[in-house]
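As provided, upload_11.cif (mmCIF, C-alpha atoms) reads as follows.
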```cif
data_model
loop_
_atom_site.label_atom_id
_atom_site.label_comp_id
_atom_site.auth_asym_id
_atom_site.auth_seq_id
_atom_site.Cartn_x
_atom_site.Cartn_y
_atom_site.Cartn_z
CA MET Y 572 95.57 118.71 138.02
CA ALA Y 573 94.33 116.83 135.00
CA ALA Y 574 97.70 115.46 134.01
CA GLU Y 575 98.35 114.12 137.47
CA HIS Y 576 94.92 112.50 137.52
CA ASP Y 577 95.59 110.82 134.15
CA LEU Y 578 98.98 109.67 135.37
CA LYS Y 579 97.51 107.99 138.46
CA LYS Y 580 94.79 106.38 136.38
CA LYS Y 581 97.27 105.06 133.84
CA ALA Y 582 99.61 103.72 136.51
CA LYS Y 583 96.74 101.98 138.27
CA GLU Y 584 95.59 100.43 135.01
CA LEU Y 585 99.07 99.16 134.15
CA LEU Y 586 99.61 97.60 137.55
CA THR Y 587 96.14 96.08 137.74
CA LYS Y 588 96.48 94.48 134.33
CA GLY Y 589 99.90 93.24 135.31
CA GLU Y 590 101.49 94.85 132.26
CA VAL Y 591 104.19 96.24 134.49
CA LYS Y 592 105.36 95.17 137.91
CA VAL Y 593 106.58 98.50 139.19
CA VAL Y 594 105.92 102.14 138.37
CA ILE Y 595 108.91 104.39 138.88
CA GLY Y 596 107.63 107.88 139.46
CA PHE Y 597 107.66 110.97 141.64
CA GLY Y 598 105.94 111.37 144.97
CA TRP Y 599 105.94 113.89 147.81
CA ASN Y 600 108.38 113.49 150.64
CA ARG Y 601 106.90 113.15 154.11
CA ALA Y 602 106.94 116.86 154.80
CA GLY Y 603 105.36 117.55 151.42
CA THR Y 604 108.05 120.07 150.56
CA ARG Y 605 109.87 118.36 147.74
CA THR Y 606 109.45 115.41 145.44
CA THR Y 607 111.30 112.17 145.72
CA PRO Y 608 111.43 109.04 143.59
CA VAL Y 609 108.78 106.47 144.46
CA PHE Y 610 108.49 102.86 143.39
CA ILE Y 611 104.91 101.71 143.25
CA THR Y 612 104.18 98.01 143.05
CA ARG Y 613 100.54 97.86 144.21
CA PRO Y 614 97.65 99.44 142.29
CA GLU Y 615 96.19 100.97 145.45
CA ASP Y 616 99.35 103.00 146.04
CA THR Y 617 99.22 104.85 142.73
CA ASP Y 618 97.63 107.88 144.42
CA ARG Y 619 101.07 108.73 145.70
CA LEU Y 620 102.24 109.67 142.22
CA VAL Y 621 102.61 113.36 141.45
CA PHE Y 622 103.89 115.43 138.60
CA ASN Y 623 104.82 119.11 138.84
CA PRO Y 624 107.78 121.45 138.27
CA LEU Y 625 109.48 120.03 141.33
CA CYS Y 626 109.99 116.69 139.58
CA VAL Y 627 113.60 117.39 138.76
CA ASN Y 628 115.14 113.94 139.20
CA ASN Y 629 116.08 111.95 136.16
CA LEU Y 630 114.45 108.64 137.02
CA SER Y 631 115.99 106.77 134.10
CA LEU Y 632 118.84 106.16 136.54
CA TYR Y 633 116.71 103.42 138.10
CA LEU Y 634 116.51 101.50 134.83
CA THR Y 635 120.25 100.83 134.80
CA ARG Y 636 122.03 97.82 136.13
CA LYS Y 637 123.18 99.86 139.10
CA PHE Y 638 119.79 98.98 140.57
CA LYS Y 639 119.58 95.23 140.32
CA ASP Y 640 116.89 95.05 143.01
CA ILE Y 641 114.60 97.24 140.92
CA GLN Y 642 115.33 95.21 137.81
CA ALA Y 643 114.45 92.09 139.79
CA LEU Y 644 110.90 93.38 140.36
CA GLY Y 645 110.01 92.84 136.73
CA ARG Y 646 109.05 95.07 133.83
CA PRO Y 647 108.98 98.70 134.92
CA ALA Y 648 106.94 101.66 133.83
CA ILE Y 649 108.67 104.98 134.21
CA VAL Y 650 107.32 108.48 134.55
CA ALA Y 651 109.62 110.47 132.33
CA LYS Y 652 109.97 114.00 131.05
CA GLY Y 653 111.35 114.50 127.55
CA CYS Y 654 114.87 115.05 128.88
CA ASP Y 655 114.71 111.80 130.86
CA ILE Y 656 113.53 109.97 127.75
CA LYS Y 657 116.69 111.14 126.01
CA CYS Y 658 118.68 109.20 128.59
CA ILE Y 659 116.45 106.16 128.13
CA ALA Y 660 117.07 106.39 124.37
CA VAL Y 661 120.83 106.38 124.91
CA LEU Y 662 120.53 103.41 127.28
CA ILE Y 663 118.55 101.52 124.63
CA SER Y 664 121.00 102.43 121.87
CA GLU Y 665 123.82 101.10 124.05
CA GLY Y 666 122.02 97.82 124.61
CA GLN Y 667 121.40 98.43 128.29
CA LEU Y 668 117.72 97.71 127.95
CA LYS Y 669 115.21 96.84 125.29
CA ARG Y 670 112.60 99.28 124.10
CA GLU Y 671 109.85 96.79 124.93
CA GLY Y 672 111.51 96.17 128.31
CA VAL Y 673 110.21 99.45 129.70
CA TYR Y 674 106.85 101.20 129.54
CA ILE Y 675 107.50 104.90 129.14
CA ILE Y 676 104.83 107.22 130.53
CA GLY Y 677 105.91 110.39 128.79
CA MET Y 678 104.93 113.61 130.54
CA THR Y 679 104.66 116.86 128.68
CA CYS Y 680 106.58 119.40 130.66
CA GLU Y 681 106.82 123.16 130.82
CA GLY Y 682 110.11 123.15 132.65
CA VAL Y 683 111.28 122.17 136.10
CA VAL Y 684 113.01 124.15 138.82
CA TYR Y 685 116.76 124.35 138.98
CA ARG Y 686 116.82 123.41 142.65
CA GLN Y 687 113.79 122.32 144.58
CA GLU Y 688 114.34 124.83 147.38
CA LEU Y 689 113.85 127.69 144.89
CA TRP Y 690 110.20 126.72 144.73
CA ALA Y 691 109.56 127.13 148.46
CA GLY Y 692 106.10 128.45 149.16
CA MET Y 693 104.84 128.27 145.61
CA ASN Y 694 101.71 126.46 144.61
CA PRO Y 695 102.65 123.41 142.55
CA CYS Y 696 99.75 124.09 140.19
CA THR Y 697 101.16 127.39 138.98
CA ARG Y 698 103.31 127.82 135.94
CA ILE Y 699 106.99 127.89 136.72
CA PRO Y 700 108.74 131.26 136.30
CA GLU Y 701 111.55 131.14 133.75
CA ASP Y 702 114.22 132.51 136.01
CA ILE Y 703 114.32 129.45 138.24
CA MET Y 704 114.54 126.98 135.35
CA PRO Y 705 117.85 125.36 134.48
CA THR Y 706 119.46 126.05 131.11
CA LYS Y 707 118.26 122.72 129.73
CA CYS Y 708 114.63 123.79 130.04
CA HIS Y 709 115.24 127.03 128.15
CA ASN Y 710 116.59 124.98 125.25
CA CYS Y 711 114.23 122.03 125.53
CA ASP Y 712 112.98 120.62 122.24
CA VAL Y 713 111.33 117.61 123.84
CA ARG Y 714 108.70 119.21 126.04
CA ASN Y 715 106.37 116.91 124.14
CA PRO Y 716 108.02 113.51 124.69
CA HIS Y 717 109.63 112.15 121.53
CA ILE Y 718 109.58 108.48 122.49
CA SER Y 719 106.86 107.08 124.74
CA ASP Y 720 104.17 104.44 125.07
CA VAL Y 721 101.66 106.96 126.30
CA THR Y 722 101.90 110.72 126.55
CA ILE Y 723 100.14 112.50 129.37
CA GLY Y 724 99.53 116.20 129.77
CA GLU Y 725 98.72 119.22 127.70
CA LYS Y 726 100.68 119.61 124.50
CA SER Y 727 103.43 122.20 124.82
CA ILE Y 728 103.79 124.84 122.13
CA PHE Y 729 107.23 125.99 123.23
CA THR Y 730 109.86 126.43 120.52
CA PRO Y 731 113.47 126.39 121.68
CA PRO Y 732 115.97 128.98 120.43
CA GLU Y 733 117.82 127.97 117.27
CA LYS Y 734 121.22 128.12 118.91
CA PRO Y 735 121.61 126.85 122.47
CA ALA Y 736 121.29 129.80 124.82
CA GLY Y 737 121.28 130.40 128.53
CA MET Y 738 123.67 130.55 131.41
CA VAL Y 739 125.59 127.34 130.72
CA PHE Y 740 126.28 128.26 127.12
CA ASP Y 741 127.15 131.85 127.97
CA ARG Y 742 129.71 130.63 130.46
CA ILE Y 743 131.16 128.18 127.94
CA LYS Y 744 131.66 131.09 125.55
CA GLU Y 745 133.29 133.04 128.34
CA ILE Y 746 135.74 130.22 129.02
CA ASP Y 747 136.46 129.84 125.30
CA ARG Y 748 137.54 133.45 125.21
CA MET Y 749 140.05 132.94 128.06
CA GLY Y 750 143.68 132.10 127.50
CA ALA Y 751 144.99 128.62 128.28
CA GLY Y 752 146.47 129.70 131.62
CA GLU Y 753 143.27 131.39 132.72
CA ARG Y 754 141.21 128.35 131.77
CA TRP Y 755 143.56 126.11 133.71
CA ASP Y 756 143.24 128.31 136.78
CA PHE Y 757 139.46 128.38 136.42
CA TRP Y 758 139.17 124.60 136.36
CA MET Y 759 141.78 124.02 139.05
CA GLU Y 760 139.89 126.34 141.34
CA HIS Y 761 136.74 124.30 140.82
CA PHE Y 762 138.29 120.84 140.75
CA SER Y 763 140.34 121.50 143.86
CA ARG Y 764 137.05 121.54 145.78
CA CYS Y 765 136.17 118.03 144.59
CA ILE Y 766 135.92 115.67 147.55
CA LYS Y 767 135.71 112.51 145.44
CA CYS Y 768 132.30 111.60 146.74
CA TYR Y 769 131.41 110.31 143.26
CA ALA Y 770 127.90 111.72 143.54
CA CYS Y 771 128.22 112.78 139.89
CA ARG Y 772 128.84 109.20 138.91
CA GLN Y 773 126.16 107.70 141.14
CA VAL Y 774 123.44 110.00 139.91
CA CYS Y 775 124.37 109.70 136.23
CA PRO Y 776 122.11 107.29 134.31
CA LEU Y 777 124.88 106.80 131.77
CA CYS Y 778 127.60 105.93 134.30
CA TYR Y 779 126.46 102.35 134.60
CA CYS Y 780 129.76 100.45 134.60
CA GLU Y 781 129.69 97.71 137.22
CA ARG Y 782 133.25 98.53 138.06
CA CYS Y 783 134.25 102.13 137.55
CA ILE Y 784 137.74 102.95 136.33
CA THR Y 785 138.38 104.78 139.56
CA GLU Y 786 137.86 101.56 141.49
CA LYS Y 787 140.48 99.72 139.49
CA ASN Y 788 143.68 99.73 141.47
CA MET Y 789 145.95 97.33 139.63
CA PRO Y 790 147.29 99.78 138.55
CA GLN Y 791 145.62 102.71 140.25
CA TRP Y 792 144.58 104.76 137.22
CA ILE Y 793 142.91 107.54 139.13
CA GLU Y 794 143.99 108.48 142.59
CA THR Y 795 141.16 108.10 145.03
CA SER Y 796 142.22 110.70 147.55
CA ALA Y 797 140.73 114.15 147.20
CA HIS Y 798 143.94 115.65 145.86
CA PRO Y 799 144.00 118.19 143.01
CA ARG Y 800 146.00 115.85 140.80
CA GLY Y 801 143.56 112.95 141.01
CA ASN Y 802 140.62 115.35 140.96
CA LEU Y 803 141.68 116.62 137.56
CA SER Y 804 142.13 113.19 136.11
CA TRP Y 805 138.83 111.97 137.56
CA ASN Y 806 136.83 114.86 136.18
CA LEU Y 807 138.52 114.75 132.79
CA THR Y 808 138.05 111.01 132.54
CA ARG Y 809 134.39 111.19 133.44
CA ALA Y 810 133.86 113.93 130.87
CA MET Y 811 135.65 111.80 128.30
CA HIS Y 812 133.48 108.78 129.09
CA LEU Y 813 130.38 110.87 128.49
CA VAL Y 814 131.45 112.29 125.15
CA GLY Y 815 128.67 111.84 122.62
CA ARG Y 816 126.41 110.30 125.27
CA CYS Y 817 125.60 113.04 127.75
CA THR Y 818 122.07 114.31 127.21
CA PHE Y 819 122.38 117.35 129.49
CA CYS Y 820 119.99 116.17 132.17
CA GLY Y 821 122.17 118.18 134.53
CA GLU Y 822 121.94 115.70 137.39
CA CYS Y 823 125.71 115.61 138.02
CA GLU Y 824 125.92 119.31 138.67
CA ARG Y 825 122.75 119.22 140.75
CA ALA Y 826 124.13 116.39 142.87
CA CYS Y 827 127.58 117.88 143.31
CA PRO Y 828 127.95 118.93 146.95
CA VAL Y 829 130.68 121.45 146.16
CA ASN Y 830 129.04 122.97 143.08
CA ILE Y 831 131.59 122.12 140.42
CA PRO Y 832 130.12 123.41 137.15
CA LEU Y 833 130.11 120.00 135.47
CA ASN Y 834 127.49 121.08 132.95
CA LEU Y 835 130.04 123.40 131.40
CA ILE Y 836 132.48 120.66 130.59
CA ASN Y 837 129.85 118.16 129.47
CA GLN Y 838 128.00 120.65 127.31
CA LYS Y 839 131.24 121.87 125.77
CA MET Y 840 131.85 118.29 124.70
CA THR Y 841 128.29 118.00 123.38
CA LEU Y 842 128.87 121.09 121.25
CA ILE Y 843 132.09 119.61 119.93
CA VAL Y 844 130.45 116.29 119.09
CA LYS Y 845 127.64 118.13 117.32
CA ASP Y 846 130.16 120.11 115.34
CA ALA Y 847 132.56 117.28 114.51
CA PHE Y 848 130.23 114.31 114.06
CA ASN Y 849 126.84 116.00 113.67
CA HIS Y 850 125.41 113.87 116.44
CA SER Y 851 123.02 114.82 119.22
CA PRO Y 852 122.52 112.07 121.77
CA GLY Y 853 119.13 110.92 122.95
CA TYR Y 854 116.91 111.44 119.94
CA SER Y 855 116.99 107.93 118.55
CA THR Y 856 117.19 104.43 119.97
CA GLU Y 857 118.77 103.13 116.77
CA VAL Y 858 121.74 105.41 116.09
CA HIS Y 859 125.06 104.27 117.52
CA PRO Y 860 126.81 106.65 119.92
CA PRO Y 861 129.52 108.50 117.94
CA MET Y 862 132.45 107.15 119.93
CA ILE Y 863 131.86 103.53 118.97
CA VAL Y 864 131.72 104.21 115.25
CA PHE Y 865 133.90 106.25 112.92
CA SER Y 866 133.88 107.89 109.56
CA PRO Y 867 136.86 107.88 107.18
CA GLU Y 868 136.03 111.57 106.64
CA ASP Y 869 136.64 112.65 110.25
CA LYS Y 870 138.66 115.84 110.24
CA GLU Y 871 142.31 115.41 111.01
CA ASP Y 872 143.77 118.86 110.59
CA PHE Y 873 145.47 118.50 113.99
CA ILE Y 874 147.36 115.31 113.11
CA LYS Y 875 150.79 115.72 111.62
CA MET F 1400 159.42 131.37 136.83
CA GLU F 1401 160.31 129.34 133.76
CA LYS F 1402 161.47 132.48 132.01
CA ASN F 1403 164.40 132.83 134.38
CA LEU F 1404 165.73 129.39 133.58
CA PRO F 1405 168.45 129.26 130.99
CA ILE F 1406 167.09 127.34 127.99
CA THR F 1407 169.93 124.88 127.99
CA ALA F 1408 169.22 123.82 131.54
CA PHE F 1409 165.88 122.25 130.74
CA GLU F 1410 165.61 118.96 128.92
CA PRO F 1411 161.96 118.06 128.43
CA LYS F 1412 160.56 114.61 128.96
CA ILE F 1413 158.50 113.56 125.97
CA MET F 1414 156.33 110.48 126.11
CA ALA F 1415 155.52 108.84 122.81
CA PHE F 1416 152.67 106.36 122.57
CA VAL F 1417 153.16 104.55 119.31
CA CYS F 1418 151.57 101.63 117.55
CA ASN F 1419 153.49 98.44 117.02
CA TRP F 1420 152.98 98.13 113.29
CA CYS F 1421 153.77 101.50 111.79
CA THR F 1422 155.30 104.15 114.01
CA TYR F 1423 157.36 101.76 116.09
CA ALA F 1424 158.67 100.17 112.92
CA GLY F 1425 159.36 103.66 111.59
CA ALA F 1426 161.31 104.54 114.71
CA ASP F 1427 163.12 101.24 114.38
CA LEU F 1428 164.04 102.09 110.83
CA ALA F 1429 165.45 105.40 112.02
CA GLY F 1430 167.58 103.37 114.40
CA THR F 1431 168.79 100.86 111.87
CA GLY F 1432 169.43 103.73 109.46
CA ARG F 1433 171.58 105.30 112.20
CA MET F 1434 169.71 108.56 112.06
CA GLU F 1435 170.23 110.80 115.02
CA TYR F 1436 167.42 112.46 116.88
CA LYS F 1437 166.80 114.10 120.23
CA PRO F 1438 167.10 111.65 123.11
CA ASN F 1439 164.26 113.26 125.11
CA VAL F 1440 161.65 110.84 123.90
CA ARG F 1441 160.48 107.79 125.83
CA ILE F 1442 158.65 105.39 123.59
CA ILE F 1443 155.83 103.16 124.74
CA LYS F 1444 154.75 100.60 122.20
CA LEU F 1445 151.15 99.51 122.06
CA PRO F 1446 149.45 97.10 119.67
CA CYS F 1447 147.44 99.85 118.00
CA THR F 1448 146.53 103.51 118.44
CA GLY F 1449 143.05 102.21 119.19
CA ARG F 1450 144.52 100.80 122.39
CA ILE F 1451 145.54 104.22 123.63
CA ASP F 1452 143.12 105.18 126.37
CA PRO F 1453 143.01 108.95 126.98
CA LEU F 1454 143.89 108.06 130.56
CA PHE F 1455 147.38 107.04 129.37
CA ILE F 1456 147.95 110.60 128.30
CA ILE F 1457 146.61 112.06 131.53
CA LYS F 1458 148.77 109.62 133.44
CA ALA F 1459 151.85 110.60 131.46
CA PHE F 1460 151.34 114.26 132.34
CA GLU F 1461 150.64 113.30 135.94
CA ASN F 1462 153.93 111.46 136.15
CA GLY F 1463 155.97 114.35 134.91
CA ALA F 1464 155.88 114.32 131.12
CA ASP F 1465 156.32 117.77 129.61
CA GLY F 1466 154.95 116.70 126.28
CA VAL F 1467 153.13 113.72 124.81
CA LEU F 1468 153.20 112.43 121.28
CA VAL F 1469 150.68 109.93 119.99
CA SER F 1470 151.47 108.30 116.71
CA GLY F 1471 150.17 105.45 114.59
CA CYS F 1472 149.47 104.17 111.11
CA HIS F 1473 148.10 106.40 108.40
CA PRO F 1474 144.33 106.10 107.90
CA GLY F 1475 143.63 102.99 105.87
CA ASP F 1476 146.88 101.32 106.88
CA CYS F 1477 145.83 99.99 110.29
CA HIS F 1478 146.94 96.43 110.96
CA TYR F 1479 143.57 95.87 112.59
CA THR F 1480 141.78 97.65 109.73
CA THR F 1481 139.96 100.35 111.71
CA GLY F 1482 141.81 100.91 114.99
CA ASN F 1483 143.28 104.23 113.99
CA TYR F 1484 139.93 105.54 112.75
CA HIS F 1485 138.45 104.89 116.16
CA ALA F 1486 141.47 106.47 117.81
CA ARG F 1487 141.16 109.55 115.62
CA ARG F 1488 137.56 110.10 116.80
CA ARG F 1489 138.66 109.82 120.38
CA TRP F 1490 141.49 112.30 119.84
CA ILE F 1491 139.17 114.87 118.30
CA ALA F 1492 137.14 114.82 121.50
CA PHE F 1493 140.07 114.46 123.86
CA LYS F 1494 142.18 117.27 122.49
CA SER F 1495 139.20 119.61 122.67
CA LEU F 1496 138.59 118.53 126.25
CA LEU F 1497 142.18 119.24 127.26
CA GLU F 1498 142.10 122.55 125.43
CA PHE F 1499 138.94 123.48 127.32
CA ALA F 1500 140.63 122.50 130.56
CA GLY F 1501 143.47 124.87 129.73
CA ILE F 1502 146.27 122.58 128.62
CA ASP F 1503 148.47 124.01 125.89
CA LEU F 1504 147.95 121.75 122.88
CA ARG F 1505 151.55 122.16 121.83
CA ARG F 1506 152.26 119.73 124.64
CA LEU F 1507 150.05 117.06 123.13
CA GLN F 1508 150.69 116.20 119.52
CA PHE F 1509 149.38 113.59 117.15
CA SER F 1510 150.92 112.16 114.02
CA TRP F 1511 150.74 109.41 111.47
CA VAL F 1512 154.12 107.80 110.83
CA SER F 1513 154.36 104.73 108.63
CA ALA F 1514 157.01 102.01 108.85
CA SER F 1515 158.99 103.63 106.04
CA GLU F 1516 158.84 107.20 107.31
CA ALA F 1517 161.96 107.22 109.47
CA ILE F 1518 162.80 110.74 108.34
CA LYS F 1519 159.34 112.00 109.29
CA TRP F 1520 159.74 110.38 112.72
CA VAL F 1521 163.10 112.08 113.27
CA ASP F 1522 161.62 115.44 112.26
CA ILE F 1523 158.60 115.06 114.50
CA ILE F 1524 160.68 114.15 117.54
CA ASN F 1525 163.12 116.99 116.95
CA ASN F 1526 160.27 119.45 116.46
CA ILE F 1527 158.23 118.46 119.48
CA THR F 1528 161.34 118.46 121.67
CA ASP F 1529 162.28 121.98 120.54
CA GLU F 1530 158.75 123.20 120.92
CA VAL F 1531 158.30 121.83 124.43
CA LYS F 1532 161.74 123.09 125.38
CA ARG F 1533 160.63 126.57 124.41
CA LEU F 1534 157.42 126.17 126.43
CA GLY F 1535 159.44 125.11 129.45
CA PRO F 1536 158.53 122.49 132.01
CA PHE F 1537 154.86 121.68 132.47
CA ILE F 1538 154.91 123.71 135.63
CA GLU F 1539 151.12 123.84 136.08
CA TYR F 1540 150.80 120.09 136.34
CA LYS F 1541 153.89 119.79 138.50
CA ARG F 1542 152.43 122.29 140.93
CA LEU F 1543 149.31 120.20 141.05
CA LYS F 1544 151.37 117.19 141.92
CA GLU F 1545 153.00 118.95 144.81
CA GLY F 1546 149.65 120.30 145.91
CA ILE F 1547 150.64 123.97 145.91
#
```
Here is the file; what I need is its structure written in the form of structure tokens.
Amino acid sequence: MAAEHDLKKKAKELLTKGEVKVVIGFGWNRAGTRTTPVFITRPEDTDRLVFNPLCVNNLSLYLTRKFKDIQALGRPAIVAKGCDIKCIAVLISEGQLKREGVYIIGMTCEGVVYRQELWAGMNPCTRIPEDIMPTKCHNCDVRNPHISDVTIGEKSIFTPPEKPAGMVFDRIKEIDRMGAGERWDFWMEHFSRCIKCYACRQVCPLCYCERCITEKNMPQWIETSAHPRGNLSWNLTRAMHLVGRCTFCGECERACPVNIPLNLINQKMTLIVKDAFNHSPGYSTEVHPPMIVFSPEDKEDFIK
Amino acid sequence: MEKNLPITAFEPKIMAFVCNWCTYAGADLAGTGRMEYKPNVRIIKLPCTGRIDPLFIIKAFENGADGVLVSGCHPGDCHYTTGNYHARRRWIAFKSLLEFAGIDLRRLQFSWVSASEAIKWVDIINNITDEVKRLGPFIEYKRLKEGI
């Protein structure tokens, strides 16, 4: 594929020139069945890089301070889809890294698969069918990367629907129509499965606290056992910490071993932030996240 | 189950998170003015509404509160200039989150009470107590606690 060829060439060039010390990208796993993150430090290894609809991971995770050993390698280049770049933009706007501190290889993208196993047996060169794409791809307005140092791939002509559509948003509407008791039961059923593995936190590029609130035990704010009471407070707290920041990369729900529909809660909050503060995260590296600023005009019809 | 309970039998626990400079002073004024109000409220004083982490509210419900009131200075009156504006943003998000999770928002109320508004404070406490009393105990959360 032309794009993949360009990507390898660009990565080789960057590493040879010494412009970057490591290229964070996608490569095949040993069996060649799914893609996995690869960290390329030598120009001769750049042939391992691939890009196709199986590249679902959000690699911007590896730019955060959770990965000190990667940061220690030196300036990185990252292979990023538009949705990943949104996360990078939020990280920059929160002062987690400098724009010049990372070389963004933006990939144009026609959608990825929802889960890699759905792709089994398909030729990676073919166009991905719409029915195995996640909701974020159906609504993607950054198939042509909006922030990048170089853009690789054919320009996409996709136009997203005006209002967010797709399974996640349909289900949010469904929940909105429920009564309070029904909603409570719905979430308790899901949260009661939570085993507190914290995969959602570990995979989230925006959960970069060195010490998570759940690890603070003087006092113990969130119970660490997998008990419905602590599960509720953990999931609510994480949702709250992502308000106005979550870019809907969908990694938390993908990583969740018990399939808690975390996208529903995070996207509900994104809709609310859009409505209340007219902010969509991830489009600019300059704009402050809405929760660290305020406006005297914020609506307060609910305050007595 | 709560319907079978006689209304008089249930006295709700209301947690009030208030700021030091306005609402606490307002509640104090109600006290010095010898105004009577419902004794169901437990007040926790914090420096500013901006100090109120949403986790406080979750924790209050976890520990058996039937209702929570959050109260601070009117916009523009914050002792720290902007603390209540920041808090207000957080509440907009947090109340929507709790609503989406299925918590009845009559159990979580917000107000601005200044240091001179003792009467408003008395009214708010009486109202929230009556309202939560009508709703009954926060049985959903209590069930969660017991793991049934």
The PyMOL selection byres ((chain Y) within 7 of (chain F)) applied to the shown file, residues as a list in words: Ala751, Gly752, Arg754, Trp755, Trp758, Pro799, Arg800, Ser804, Thr808, Met811, Met840, Met862, Val864, Phe865, Pro867, Ile874 and Lys875 of chain Y
Write the selection just made, keeping C-alpha atoms, as a PDB file, in the frame of the given file?
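selection.pdb, written as the output of this step:
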```pdb
ATOM      1  CA  ALA Y 751     144.990 128.620 128.280  1.00  0.00           C
ATOM      2  CA  GLY Y 752     146.470 129.700 131.620  1.00  0.00           C
ATOM      3  CA  ARG Y 754     141.210 128.350 131.770  1.00  0.00           C
ATOM      4  CA  TRP Y 755     143.560 126.110 133.710  1.00  0.00           C
ATOM      5  CA  TRP Y 758     139.170 124.600 136.360  1.00  0.00           C
ATOM      6  CA  PRO Y 799     144.000 118.190 143.010  1.00  0.00           C
ATOM      7  CA  ARG Y 800     146.000 115.850 140.800  1.00  0.00           C
ATOM      8  CA  SER Y 804     142.130 113.190 136.110  1.00  0.00           C
ATOM      9  CA  THR Y 808     138.050 111.010 132.540  1.00  0.00           C
ATOM     10  CA  MET Y 811     135.650 111.800 128.300  1.00  0.00           C
ATOM     11  CA  MET Y 840     131.850 118.290 124.700  1.00  0.00           C
ATOM     12  CA  MET Y 862     132.450 107.150 119.930  1.00  0.00           C
ATOM     13  CA  VAL Y 864     131.720 104.210 115.250  1.00  0.00           C
ATOM     14  CA  PHE Y 865     133.900 106.250 112.920  1.00  0.00           C
ATOM     15  CA  PRO Y 867     136.860 107.880 107.180  1.00  0.00           C
ATOM     16  CA  ILE Y 874     147.360 115.310 113.110  1.00  0.00           C
ATOM     17  CA  LYS Y 875     150.790 115.720 111.620  1.00  0.00           C
TER      18      LYS Y 875
END
```
Residues in the PyMOL selection byres ((chain Y and resi 846) around 12), expressed as a list in words: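 This file gives the following for the PyMOL selection byres ((chain Y and resi 846) around 12): Gly815, Lys839, Met840, Thr841, Leu842, Ile843, Val844, Lys845, Ala847, Phe848, Asn849, His850, Ser851, Pro861, Asp869 and Lys870 of chain Y; Ile1491, Ala1492 and Ser1495 of chain F.
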Might you spell out which residues the PyMOL selection byres ((chain Y and resi 828) around 9) would select in the displayed file, as a PyMOL selection string? chain Y and resi 765-766+768+770+824-827+829-831
Same residues, C-alpha atoms, saved as an mmCIF file, in the frame of the given file:
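Output contents, as saved in again_14.cif:
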```cif
data_model
loop_
_atom_site.group_PDB
_atom_site.id
_atom_site.type_symbol
_atom_site.label_atom_id
_atom_site.label_comp_id
_atom_site.auth_asym_id
_atom_site.auth_seq_id
_atom_site.Cartn_x
_atom_site.Cartn_y
_atom_site.Cartn_z
ATOM 1 C CA CYS Y 765 136.170 118.030 144.590
ATOM 2 C CA ILE Y 766 135.920 115.670 147.550
ATOM 3 C CA CYS Y 768 132.300 111.600 146.740
ATOM 4 C CA ALA Y 770 127.900 111.720 143.540
ATOM 5 C CA GLU Y 824 125.920 119.310 138.670
ATOM 6 C CA ARG Y 825 122.750 119.220 140.750
ATOM 7 C CA ALA Y 826 124.130 116.390 142.870
ATOM 8 C CA CYS Y 827 127.580 117.880 143.310
ATOM 9 C CA VAL Y 829 130.680 121.450 146.160
ATOM 10 C CA ASN Y 830 129.040 122.970 143.080
ATOM 11 C CA ILE Y 831 131.590 122.120 140.420
#
```
Residue nearest Thr617 of chain Y - candidates Y:Leu586, Y:Ile659, Y:Leu634, Y:Ile746, atoms counted: all atoms listed in the file: Y:Leu586
For segment 709-717 of chain Y, find every residue with an atom within 8 Å (counting all atoms listed in the file), except residues of its own chain fewer than 6 positions away, and show them as a ChimeraX atom specification. /Y:652-654,656,677-682,701,726-727,729-732,735-737,854
For Val1531 of chain F, the nearest of the candidates F:Ile1451, F:Ile1413, F:Met1434, F:Ile1443, counting all atoms listed in the file: F:Ile1413
Do you know which residues are at most 12 Å from Ala1424 of chain F counting only C-alpha atoms, after dropping those on the same chain fewer than 5 positions away, and could you put them as a ChimeraX atom specification? /F:1417-1419,1429-1432,1442,1444-1446,1470-1472,1512-1517,1520
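Here atom CA of Arg686 of chain Y is placed at a distance of 11.2 Å from atom CA of Thr606 of chain Y.
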Please determine an axis-aligned box that encloses all atoms of segment 1485-1498 of chain F listed in the file, with 4 Å added on each side, and express its centre and edge lengths in Å to one decimal as AutoDock Vina command-line options.
```
--center_x 139.7 --center_y 113.7 --center_z 121.4 --size_x 13.0 --size_y 25.7 --size_z 19.6
```
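When the distance limit is 9 Å and all atoms listed in the file are what count, the residues near Val774 of chain Y, minus those fewer than 6 positions from it on the same chain, are Y:Asn629, Y:Leu632, Y:Glu822, Y:Cys823, Y:Ala826.
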With C-alpha atoms retained, write the just-selected residues as a tab-separated table (two decimals), in the coordinates of the input.
```tsv
chain	number	residue	atom	x	y	z
Y	629	ASN	CA	116.08	111.95	136.16
Y	632	LEU	CA	118.84	106.16	136.54
Y	822	GLU	CA	121.94	115.70	137.39
Y	823	CYS	CA	125.71	115.61	138.02
Y	826	ALA	CA	124.13	116.39	142.87
```
Which one of F:Arg1450, F:Cys1477, F:Lys1412, F:Ile1524 sits closest to Asn1462 of chain F if you count only C-alpha atoms? F:Lys1412
Quick check, in Å to one decimal: how far apart do atom CA of Gln773 of chain Y and atom CA of Thr635 of chain Y lie?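 Distance between the two atoms: 11.1 Å.
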A straight line from atom CA of Pro1438 of chain F to atom CA of Arg1506 of chain F spans 17.0 Å
Report as a PyMOL selection string all protein, DNA and RNA residues lying within 9 Å of Met1414 of chain F, evaluated on all atoms listed in the file, omitting residues in the same chain fewer than 5 positions from it. chain F and resi 1439-1443+1456+1459-1460+1464-1469
